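Visitor: This is data.txt (compact mmCIF, C-alpha atoms).
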```
# COMPACT_ATOMS: atom_id res chain seq x y z
CA MET A 1410 0.00 0.00 0.00
CA LYS A 1411 0.96 3.68 -0.08
CA ALA A 1412 2.16 5.39 3.08
CA THR A 1413 4.27 8.35 4.12
CA LEU A 1414 7.81 7.74 5.36
CA ILE A 1415 10.24 10.23 6.83
CA HIS A 1416 13.86 9.55 5.87
CA GLY A 1417 15.54 12.54 7.50
CA LYS A 1418 15.46 16.30 7.77
CA HIS A 1419 13.14 17.73 5.07
CA ASP A 1420 13.03 14.28 3.48
CA VAL A 1421 9.46 13.00 3.44
CA ARG A 1422 8.52 10.47 0.77
CA VAL A 1423 5.44 8.48 -0.18
CA SER A 1424 6.17 4.83 -0.83
CA SER A 1425 3.95 2.38 -2.70
CA ASP A 1426 5.79 -0.61 -1.23
CA VAL A 1427 4.75 -0.41 2.42
CA PRO A 1428 3.36 -3.76 3.63
CA ASP A 1429 -0.39 -3.88 4.15
CA PRO A 1430 -1.26 -3.91 7.87
CA THR A 1431 -2.26 -7.21 9.42
CA LEU A 1432 -3.78 -8.16 12.75
CA ARG A 1433 -0.99 -8.78 15.22
CA ASP A 1434 -2.98 -9.12 18.46
CA ASP A 1435 -6.58 -10.23 18.95
CA THR A 1436 -7.47 -6.73 20.21
CA ASP A 1437 -6.31 -5.08 16.95
CA ALA A 1438 -8.36 -3.62 14.13
CA ILE A 1439 -7.42 -2.61 10.60
CA VAL A 1440 -8.71 0.82 9.56
CA ARG A 1441 -8.88 2.04 5.97
CA VAL A 1442 -8.02 5.72 6.14
CA LEU A 1443 -10.49 8.20 4.65
CA ARG A 1444 -8.85 11.36 5.97
CA SER A 1445 -5.55 12.18 7.58
CA CYS A 1446 -3.59 15.39 7.98
CA ILE A 1447 -0.26 17.00 8.78
CA CYS A 1448 0.14 18.34 12.29
CA GLY A 1449 2.29 21.25 13.38
CA SER A 1450 4.11 18.83 15.68
CA ASP A 1451 5.02 16.73 12.61
CA LEU A 1452 7.23 19.66 11.62
CA TRP A 1453 9.56 19.01 14.58
CA PRO A 1454 10.82 15.70 13.11
CA TYR A 1455 10.56 17.21 9.61
CA ASN A 1456 13.15 19.77 10.65
CA ALA A 1457 15.30 17.54 12.86
CA ALA A 1458 14.99 13.83 11.99
CA GLU A 1459 18.17 11.81 11.62
CA ASP A 1460 18.82 10.07 8.31
CA SER A 1461 17.10 6.72 7.89
CA THR A 1462 17.68 4.54 4.83
CA GLY A 1463 14.40 2.68 5.11
CA GLY A 1464 12.37 5.58 6.45
CA ASN A 1465 9.89 5.63 9.33
CA ARG A 1466 6.12 5.85 9.32
CA ILE A 1467 4.68 9.19 10.36
CA GLY A 1468 1.30 10.80 11.06
CA HIS A 1469 -0.90 10.59 14.15
CA GLU A 1470 -4.30 11.97 13.09
CA PHE A 1471 -6.66 9.84 11.02
CA LEU A 1472 -10.27 8.90 10.47
CA GLY A 1473 -11.49 5.89 8.54
CA VAL A 1474 -13.58 2.75 8.23
CA ILE A 1475 -12.87 -0.49 10.07
CA GLU A 1476 -11.96 -3.22 7.59
CA GLU A 1477 -11.16 -6.07 9.97
CA VAL A 1478 -11.18 -6.76 13.72
CA GLY A 1479 -9.39 -9.29 15.89
CA SER A 1480 -11.19 -12.03 17.77
CA GLY A 1481 -10.82 -10.13 21.05
CA VAL A 1482 -12.51 -6.94 19.83
CA ARG A 1483 -15.95 -6.67 21.42
CA ASN A 1484 -17.36 -3.20 20.76
CA ARG A 1485 -16.03 -2.19 17.33
CA THR A 1486 -17.23 -3.80 14.12
CA LYS A 1487 -16.34 -3.98 10.47
CA GLY A 1488 -17.77 -1.08 8.49
CA GLN A 1489 -17.84 1.43 11.36
CA LEU A 1490 -16.65 4.97 10.70
CA VAL A 1491 -14.15 5.78 13.47
CA VAL A 1492 -11.72 8.46 14.56
CA ALA A 1493 -8.41 7.61 16.21
CA PRO A 1494 -6.97 9.84 18.94
CA PHE A 1495 -3.33 10.80 18.41
CA VAL A 1496 -2.18 8.12 20.86
CA TRP A 1497 -3.58 4.63 21.24
CA ALA A 1498 -4.68 3.34 24.64
CA ASP A 1499 -6.54 0.44 26.22
CA ASN A 1500 -8.91 2.92 27.92
CA THR A 1501 -9.17 0.58 30.92
CA CYS A 1502 -6.04 1.16 33.03
CA ASP A 1503 -6.04 3.44 36.09
CA PHE A 1504 -4.69 6.44 34.18
CA CYS A 1505 -7.27 5.99 31.42
CA ALA A 1506 -10.00 5.80 34.06
CA GLN A 1507 -8.85 9.26 35.22
CA GLY A 1508 -9.18 10.62 31.69
CA LEU A 1509 -5.43 10.59 31.10
CA GLN A 1510 -5.16 8.20 28.17
CA THR A 1511 -1.87 9.85 27.15
CA SER A 1512 -0.37 8.10 30.21
CA CYS A 1513 -1.97 4.70 29.49
CA ARG A 1514 0.16 1.95 31.01
CA HIS A 1515 -0.18 -0.13 27.86
CA GLY A 1516 -0.54 2.55 25.17
CA GLY A 1517 1.78 4.25 22.73
CA GLY A 1518 2.15 6.61 19.81
CA TRP A 1519 1.48 6.16 16.12
CA GLY A 1520 4.55 5.61 13.99
CA SER A 1521 6.72 4.42 16.88
CA ASP A 1522 7.72 1.01 18.24
CA GLY A 1523 6.57 -0.76 15.10
CA THR A 1524 3.15 0.90 15.00
CA ASP A 1525 1.77 2.27 11.74
CA GLY A 1526 1.64 5.99 11.05
CA GLY A 1527 -1.62 7.65 10.12
CA GLN A 1528 -0.51 9.21 6.83
CA GLY A 1529 -1.18 6.18 4.68
CA GLU A 1530 -3.93 4.11 3.14
CA ALA A 1531 -4.50 1.83 6.14
CA VAL A 1532 -3.45 1.48 9.78
CA ARG A 1533 -3.28 -1.35 12.30
CA VAL A 1534 -4.89 -0.05 15.49
CA PRO A 1535 -3.93 -1.63 18.83
CA PHE A 1536 -6.62 -1.89 21.52
CA ALA A 1537 -9.36 -1.11 19.04
CA ASP A 1538 -12.13 -1.10 21.65
CA GLY A 1539 -10.33 1.47 23.77
CA THR A 1540 -8.69 3.57 21.07
CA LEU A 1541 -11.24 4.02 18.30
CA VAL A 1542 -14.28 6.25 18.74
CA PRO A 1543 -17.25 5.50 16.44
CA MET A 1544 -18.73 8.35 14.43
CA PRO A 1545 -22.50 7.95 14.00
CA GLY A 1546 -24.15 7.49 10.64
CA GLU A 1547 -22.67 7.16 7.18
CA PRO A 1548 -19.55 9.10 6.15
CA ASP A 1549 -20.65 12.65 5.33
CA ASP A 1550 -18.00 14.39 3.25
CA ALA A 1551 -19.05 17.78 4.60
CA LEU A 1552 -18.39 16.65 8.18
CA LEU A 1553 -15.29 14.50 7.78
CA ALA A 1554 -12.82 17.38 8.17
CA SER A 1555 -14.36 18.52 11.44
CA MET A 1556 -14.63 14.93 12.65
CA LEU A 1557 -10.93 14.47 11.90
CA THR A 1558 -10.01 17.42 14.15
CA LEU A 1559 -11.31 15.34 17.07
CA SER A 1560 -8.21 13.16 16.74
CA ASP A 1561 -5.95 15.95 17.99
CA VAL A 1562 -6.20 19.64 17.20
CA PHE A 1563 -9.68 20.46 18.53
CA PRO A 1564 -9.29 18.46 21.78
CA THR A 1565 -5.86 20.06 22.22
CA GLY A 1566 -7.38 23.53 22.03
CA HIS A 1567 -10.09 22.35 24.40
CA HIS A 1568 -7.46 20.99 26.80
CA ALA A 1569 -5.85 24.43 26.94
CA ALA A 1570 -9.17 25.97 27.93
CA VAL A 1571 -9.97 23.24 30.46
CA SER A 1572 -6.47 23.43 31.97
CA ALA A 1573 -6.85 27.19 32.45
CA ARG A 1574 -10.35 26.63 33.90
CA VAL A 1575 -12.12 28.89 31.46
CA ARG A 1576 -15.52 29.86 32.84
CA ARG A 1577 -18.60 31.50 31.42
CA GLY A 1578 -18.12 35.24 31.18
CA ASP A 1579 -14.32 35.09 31.31
CA THR A 1580 -11.88 37.22 29.36
CA VAL A 1581 -9.43 34.83 27.71
CA ALA A 1582 -6.20 35.33 25.78
CA VAL A 1583 -4.95 32.81 23.23
CA VAL A 1584 -1.23 32.98 22.48
CA GLY A 1585 -0.60 31.70 18.95
CA ASP A 1586 -2.60 31.77 15.72
CA GLY A 1587 -1.76 28.28 14.47
CA ALA A 1588 -4.35 25.53 14.15
CA VAL A 1589 -4.16 24.73 17.87
CA GLY A 1590 -4.51 28.39 18.83
CA LEU A 1591 -7.54 28.80 16.58
CA SER A 1592 -9.02 25.63 18.05
CA ALA A 1593 -8.44 27.11 21.51
CA VAL A 1594 -10.42 30.20 20.46
CA LEU A 1595 -13.26 27.92 19.39
CA ALA A 1596 -13.03 25.95 22.64
CA ALA A 1597 -13.00 29.07 24.82
CA ARG A 1598 -16.07 30.43 23.07
CA ARG A 1599 -17.80 27.05 23.44
CA LEU A 1600 -17.15 27.16 27.20
CA GLY A 1601 -18.72 30.59 27.46
CA ALA A 1602 -15.83 33.07 27.35
CA GLU A 1603 -17.25 36.54 26.83
CA ARG A 1604 -14.10 38.15 25.43
CA ILE A 1605 -11.28 36.37 23.58
CA ILE A 1606 -8.04 38.14 22.73
CA LEU A 1607 -6.04 36.37 20.03
CA LEU A 1608 -2.32 37.10 19.91
CA GLY A 1609 -1.24 36.55 16.31
CA ARG A 1610 0.02 38.49 13.33
CA HIS A 1611 -1.04 36.43 10.29
CA THR A 1612 -4.16 38.16 8.98
CA ASP A 1613 -5.61 35.13 7.19
CA ARG A 1614 -5.38 33.16 10.44
CA THR A 1615 -6.63 35.89 12.75
CA ASP A 1616 -9.57 36.46 10.40
CA LEU A 1617 -10.54 32.82 10.96
CA GLY A 1618 -9.94 33.39 14.66
CA ARG A 1619 -12.50 36.18 14.59
CA GLU A 1620 -14.93 33.85 12.84
CA PHE A 1621 -14.30 31.30 15.61
CA GLY A 1622 -15.05 33.85 18.32
CA ALA A 1623 -12.05 36.13 18.91
CA THR A 1624 -13.19 39.62 19.84
CA ASP A 1625 -9.76 41.29 19.73
CA VAL A 1626 -6.50 40.65 17.87
CA VAL A 1627 -3.09 41.67 19.21
CA PRO A 1628 -0.35 41.41 16.56
CA GLU A 1629 2.42 42.76 18.81
CA ARG A 1630 4.85 40.33 20.41
CA GLY A 1631 7.01 40.31 23.51
CA ASP A 1632 6.73 43.23 25.93
CA GLU A 1633 4.65 45.23 23.44
CA GLY A 1634 2.12 42.43 23.23
CA ILE A 1635 2.01 42.06 27.00
CA GLU A 1636 1.44 45.79 27.42
CA ARG A 1637 -1.29 45.80 24.79
CA VAL A 1638 -3.22 42.94 26.44
CA ARG A 1639 -2.98 44.66 29.82
CA GLU A 1640 -4.29 47.87 28.25
CA LEU A 1641 -7.26 45.95 26.84
CA THR A 1642 -8.03 44.48 30.27
CA GLY A 1643 -7.73 47.62 32.38
CA GLY A 1644 -4.30 46.61 33.62
CA ASP A 1645 -5.38 43.42 35.37
CA GLY A 1646 -4.73 40.86 32.63
CA VAL A 1647 -6.97 38.02 31.50
CA ASP A 1648 -8.91 35.45 33.47
CA ALA A 1649 -7.22 32.65 31.50
CA ALA A 1650 -4.29 32.53 29.07
CA LEU A 1651 -4.03 29.65 26.60
CA GLU A 1652 -0.45 29.04 25.41
CA CYS A 1653 -0.54 27.25 22.05
CA VAL A 1654 2.96 27.75 20.63
CA GLY A 1655 5.55 25.92 22.72
CA TYR A 1656 8.33 28.52 22.81
CA SER A 1657 9.63 30.09 26.01
CA GLU A 1658 8.65 33.60 24.90
CA ALA A 1659 5.06 32.46 24.37
CA VAL A 1660 4.99 30.97 27.87
CA ARG A 1661 6.44 34.16 29.36
CA THR A 1662 3.84 36.22 27.54
CA ALA A 1663 1.02 34.00 28.77
CA ILE A 1664 2.20 34.24 32.38
CA GLU A 1665 2.64 38.02 32.24
CA ILE A 1666 -0.85 38.66 30.83
CA THR A 1667 -2.67 36.41 33.31
CA LYS A 1668 -4.65 38.04 36.10
CA ASP A 1669 -3.56 37.44 39.70
CA GLY A 1670 -4.80 34.12 41.04
CA ARG A 1671 -5.63 32.65 37.63
CA LEU A 1672 -4.10 30.01 35.36
CA VAL A 1673 -2.19 29.55 32.14
CA GLY A 1674 -3.25 26.50 30.13
CA ARG A 1675 -0.24 25.34 28.12
CA VAL A 1676 -0.54 22.90 25.24
CA GLY A 1677 2.21 24.04 22.86
CA VAL A 1678 4.76 21.23 22.50
CA SER A 1679 7.57 22.41 24.78
CA GLN A 1680 10.67 23.66 23.00
CA TYR A 1681 12.03 24.90 26.34
CA THR A 1682 13.15 23.42 29.65
CA ASP A 1683 12.55 26.31 32.07
CA VAL A 1684 9.23 28.00 32.87
CA PRO A 1685 9.63 31.64 33.94
CA LEU A 1686 7.71 31.41 37.21
CA GLY A 1687 9.86 33.88 39.12
CA VAL A 1688 9.02 35.91 42.19
CA GLY A 1689 6.65 38.16 40.22
CA ALA A 1690 4.39 35.28 39.18
CA PHE A 1691 4.79 33.79 42.66
CA MET A 1692 3.58 36.96 44.36
CA ARG A 1693 0.63 37.14 41.94
CA ASN A 1694 -0.38 33.50 42.51
CA VAL A 1695 -0.32 32.78 38.78
CA GLY A 1696 -0.17 29.08 37.98
CA VAL A 1697 0.65 27.00 34.89
CA HIS A 1698 -1.33 23.87 34.10
CA GLY A 1699 -1.68 21.57 31.11
CA GLY A 1700 0.50 19.52 28.83
CA VAL A 1701 -0.23 16.91 26.20
CA ALA A 1702 -3.98 16.68 25.59
CA PRO A 1703 -5.76 13.40 26.39
CA ALA A 1704 -7.87 13.68 23.25
CA ARG A 1705 -9.65 10.37 23.91
CA ALA A 1706 -11.15 11.82 27.09
CA TYR A 1707 -12.77 14.73 25.23
CA ILE A 1708 -14.05 13.28 21.95
CA GLU A 1709 -17.51 12.20 23.11
CA GLU A 1710 -18.01 15.57 24.81
CA LEU A 1711 -17.08 17.57 21.72
CA LEU A 1712 -18.69 15.33 19.08
CA PRO A 1713 -22.34 16.48 19.41
CA ASP A 1714 -21.46 20.10 18.66
CA VAL A 1715 -19.44 18.97 15.64
CA LEU A 1716 -22.31 16.85 14.32
CA GLU A 1717 -24.80 19.67 14.82
CA GLY A 1718 -22.51 22.20 13.16
CA THR A 1719 -22.49 24.38 16.27
CA VAL A 1720 -18.71 24.40 15.88
CA GLN A 1721 -16.80 23.83 12.65
CA PRO A 1722 -13.20 23.12 13.62
CA GLY A 1723 -12.54 21.61 10.19
CA LYS A 1724 -12.17 25.15 8.86
CA VAL A 1725 -8.56 25.08 10.13
CA PHE A 1726 -7.76 22.99 7.04
CA ASP A 1727 -6.87 25.42 4.27
CA ARG A 1728 -5.34 22.97 1.81
CA THR A 1729 -6.44 19.49 0.69
CA ILE A 1730 -4.05 17.07 -1.01
CA GLY A 1731 -3.71 13.44 -2.04
CA LEU A 1732 -1.12 11.07 -0.62
CA ASP A 1733 1.32 11.66 -3.46
CA GLU A 1734 1.38 15.37 -2.59
CA VAL A 1735 2.25 14.89 1.08
CA PRO A 1736 5.93 15.95 0.72
CA ASP A 1737 4.81 19.28 -0.71
CA GLY A 1738 2.21 19.53 2.05
CA TYR A 1739 5.00 19.36 4.62
CA ARG A 1740 6.94 22.00 2.74
CA ALA A 1741 3.91 24.28 2.54
CA MET A 1742 3.21 24.07 6.26
CA ASN A 1743 6.88 24.51 7.13
CA ASP A 1744 7.06 27.60 4.90
CA ARG A 1745 3.79 28.92 6.39
CA GLU A 1746 2.04 28.74 3.04
CA ALA A 1747 -0.61 26.53 4.64
CA LEU A 1748 -2.18 26.55 8.10
CA LYS A 1749 -3.06 22.85 8.24
CA VAL A 1750 -3.09 20.34 5.41
CA LEU A 1751 -5.83 17.73 4.97
CA ILE A 1752 -4.92 14.44 3.27
CA LYS A 1753 -7.40 12.39 1.22
CA PRO A 1754 -5.70 9.04 0.46
```
Would you kindly transcribe this structure into structure tokens?
Guide:
Amino acid sequence: MKATLIHGKHDVRVSSDVPDPTLRDDTDAIVRVLRSCICGSDLWPYNAAEDSTGGNRIGHEFLGVIEEVGSGVRNRTKGQLVVAPFVWADNTCDFCAQGLQTSCRHGGGWGSDGTDGGQGEAVRVPFADGTLVPMPGEPDDALLASMLTLSDVFPTGHHAAVSARVRRGDTVAVVGDGAVGLSAVLAARRLGAERIILLGRHTDRTDLGREFGATDVVPERGDEGIERVRELTGGDGVDAALECVGYSEAVRTAIEITKDGRLVGRVGVSQYTDVPLGVGAFMRNVGVHGGVAPARAYIEELLPDVLEGTVQPGKVFDRTIGLDEVPDGYRAMNDREALKVLIKP
């Protein structure tokens, strides 16, 4: 079958010689992929992967139809439309029971430890009962993009809002205008935020942010951006800051614009080791919460609004490609020509 392989820095290829997936354990399922996508976090290996002669599978967001199930699969059946969270999990261990499937004692990540990547024609899914979430009804092309966001980007934005304890009537700041930041805008509005300040400088993205619910846009960065947000909030800062970038400056900005006694929800993949929680933040009782989003814990909660069209997170996809075009999709996202690329195998 065809699948995407990463061979090294800026070296993504689509191979037609990847072995078809087969059931390895009785709890496995085989999923034929209908939609996949390129994630901003895929750009980290794209820009840093070591050379590999054979290449490694990549991609962790996909939606498809179950083609085959193992004898131990009880609650998933052939023909079901399903979405896969960006990590697989048994959904039965103690961490999973707490809604922390990203810490599953028996789980893992797509494309690692011999597991298939999502950017291909088919995927072997471990722990099918626990990992895969059925999507009701027949595949509706108009909804597939928004359904696909449930695998990662929309729950990640939601996790930022939940981690910062966004409440109805809050004033919220979102740091970052990438797909996760825009999803965080959507999530904050869904949770009842009254005012949402989006920190971003790419007009095409901030325009979508306004459509998603942002009431203000702050293009300034660093100290200028911090000062501008404080001006907009009467000097106090915001009730919740959602950090969706992953750089130390973004974290510093989020902390500095947060009102005393409130929280920063951080979901940007950390490209730093130190969090600037010095004496100033200490004296203001500002806290930082969050991390990798347990998407599996949020999908059923977010799904009804997606099905009803109350939210349309699929609008973060601004380019659609076939599998053969995936290398150029990576280039486009890396060069900021595309916000988020949808793949139709």
Visitor: Enumerate, in order of chain and increasing residue number, the residues of region 1639-1674 of chain A with an atom no farther than 12 Å from region 1441-1458 of chain A, each with its shortest atom pair and distance in Å to one decimal, counting only C-alpha atoms, as a Markdown table.
Guide:
```
| residue | atom | partner | partner_atom | distance |
| --- | --- | --- | --- | --- |
| A:Cys1653 | CA | A:Gly1449 | CA | 10.9 |
| A:Val1654 | CA | A:Gly1449 | CA | 9.8 |
| A:Gly1655 | CA | A:Ser1450 | CA | 10.1 |
```
Visitor: Using only C-alpha atoms, which of A:Arg1422, A:Leu1641, A:Ala1554, A:Ala1570 sits nearest Thr1729 (chain A)?
Guide: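 Ranking A:Arg1422, A:Leu1641, A:Ala1554, A:Ala1570 by distance to Thr1729 (chain A), first place goes to A:Ala1554.
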Visitor: Find the distance between CA of Ala1438 (chain A) and CA of Leu1711 (chain A) and write it in Å to one decimal.
Guide: 24.1 Å
Visitor: What's the 12 Å shell around Ala1593 (chain A), counting all atoms listed in the file, without same-chain residues fewer than 3 positions away, as a ChimeraX atom specification?
Guide: /A:1561-1573,1575,1581-1590,1596-1600,1602,1605-1608,1618,1621-1623,1649-1654,1674-1677,1722,1725
Visitor: What is the CA of Leu1686 (chain A) to CA of Ala1706 (chain A) distance in Å?
Guide: 29.0 Å
Visitor: So the first atom is CA of Ala1747 (chain A) and the second is CA of Glu1530 (chain A); what is the distance between them in Å, to one decimal place?
Guide: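 Taking CA of Ala1747 (chain A) and CA of Glu1530 (chain A), their separation equals 22.7 Å.
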Visitor: Between A:Val1594, A:Ser1657, A:Asp1550, A:Arg1433, which has the minimum distance to Thr1615 (chain A) (counting all atoms listed in the file)?
Guide: A:Val1594
Visitor: Which residues are near Ala1493 (chain A)? Cut-off 6 Å, only C-alpha atoms, ignore same chain within fewer than 3 positions. Put them as an MDAnalysis selection string.
Guide: chainID A and resid 1471 1541 1560
Visitor: Find, counting all atoms listed in the file, the residue in A:Glu1547, A:Asp1579, A:Glu1734, A:Glu1470 that gets nearest to Thr1667 (chain A).
Guide: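 For Thr1667 (chain A), the nearest of the candidates is A:Asp1579.
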Visitor: Just the residues within 7 Å of Val1715 (chain A), please, counting all atoms listed in the file, with nothing from its chain fewer than 4 positions along; format it as a list in words.
Guide: Ser1555, Met1556, Leu1711, Thr1719, Val1720 and Gln1721 of chain A
Visitor: Which residues come within 12 Å of Phe1691 (chain A), counting only C-alpha atoms, excluding same-chain residues fewer than 6 positions away, as a list in words?
Guide: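 After dropping sequence-adjacent residues, the list is Ile1664, Glu1665, Asp1669, Gly1670, Arg1671, Pro1685 and Val1697 of chain A.
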Visitor: Hey, which of A:Val1627, A:Ala1704, A:Ile1415, A:Ile1752 ends up closest to Asp1460 (chain A)? Count all atoms listed in the file.
Guide: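 Checking each candidate against Asp1460 (chain A), we get A:Ile1415 as the closest.
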Visitor: Using all atoms listed in the file, find each residue in region 1511-1599 of chain A having at least one atom no more than 12 Å away from region 1423-1428 of chain A; report its shortest atom-to-atom pair and that distance in Å (one decimal), rows by chain then rising number, as CSV.
Guide:
```
residue,atom,partner,partner_atom,distance
A:Asp1525,CA,A:Val1427,CA,10.1
A:Gly1526,CA,A:Val1427,CA,11.2
A:Gln1528,CA,A:Val1423,CA,9.2
A:Gly1529,CA,A:Val1423,CA,8.5
A:Glu1530,CA,A:Val1427,CA,9.8
A:Ala1531,CA,A:Pro1428,CA,10.0
A:Val1532,CA,A:Pro1428,CA,10.6
A:Arg1533,CA,A:Pro1428,CA,11.2
```
Visitor: Closest to Gly1527 (chain A) among A:Arg1466, A:Lys1724, A:Arg1705, A:Arg1637, using only C-alpha atoms?
Guide: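 Smallest distance to Gly1527 (chain A) is found for A:Arg1466.
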Visitor: Taking (0.4, 10.3, 17.5) as a centre in this file's frame and 6 Å as the limit, can you find every polymer residue with an atom that close, using all atoms listed in the file, and give them as an NGL selection string?
Guide: :A and (1469 or 1495-1496 or 1518-1519)
Visitor: Calculate, to one decimal in Å, the centre and edge lengths of the box along x, y and z of the file that holds all listed atoms of region 1434-1441 of chain A with 5 Å of margin on each side, and present them as lines of an AutoDock Vina configuration file.
Guide:
```
center_x = -5.9
center_y = -4.1
center_z = 13.1
size_x = 15.9
size_y = 22.3
size_z = 24.2
```
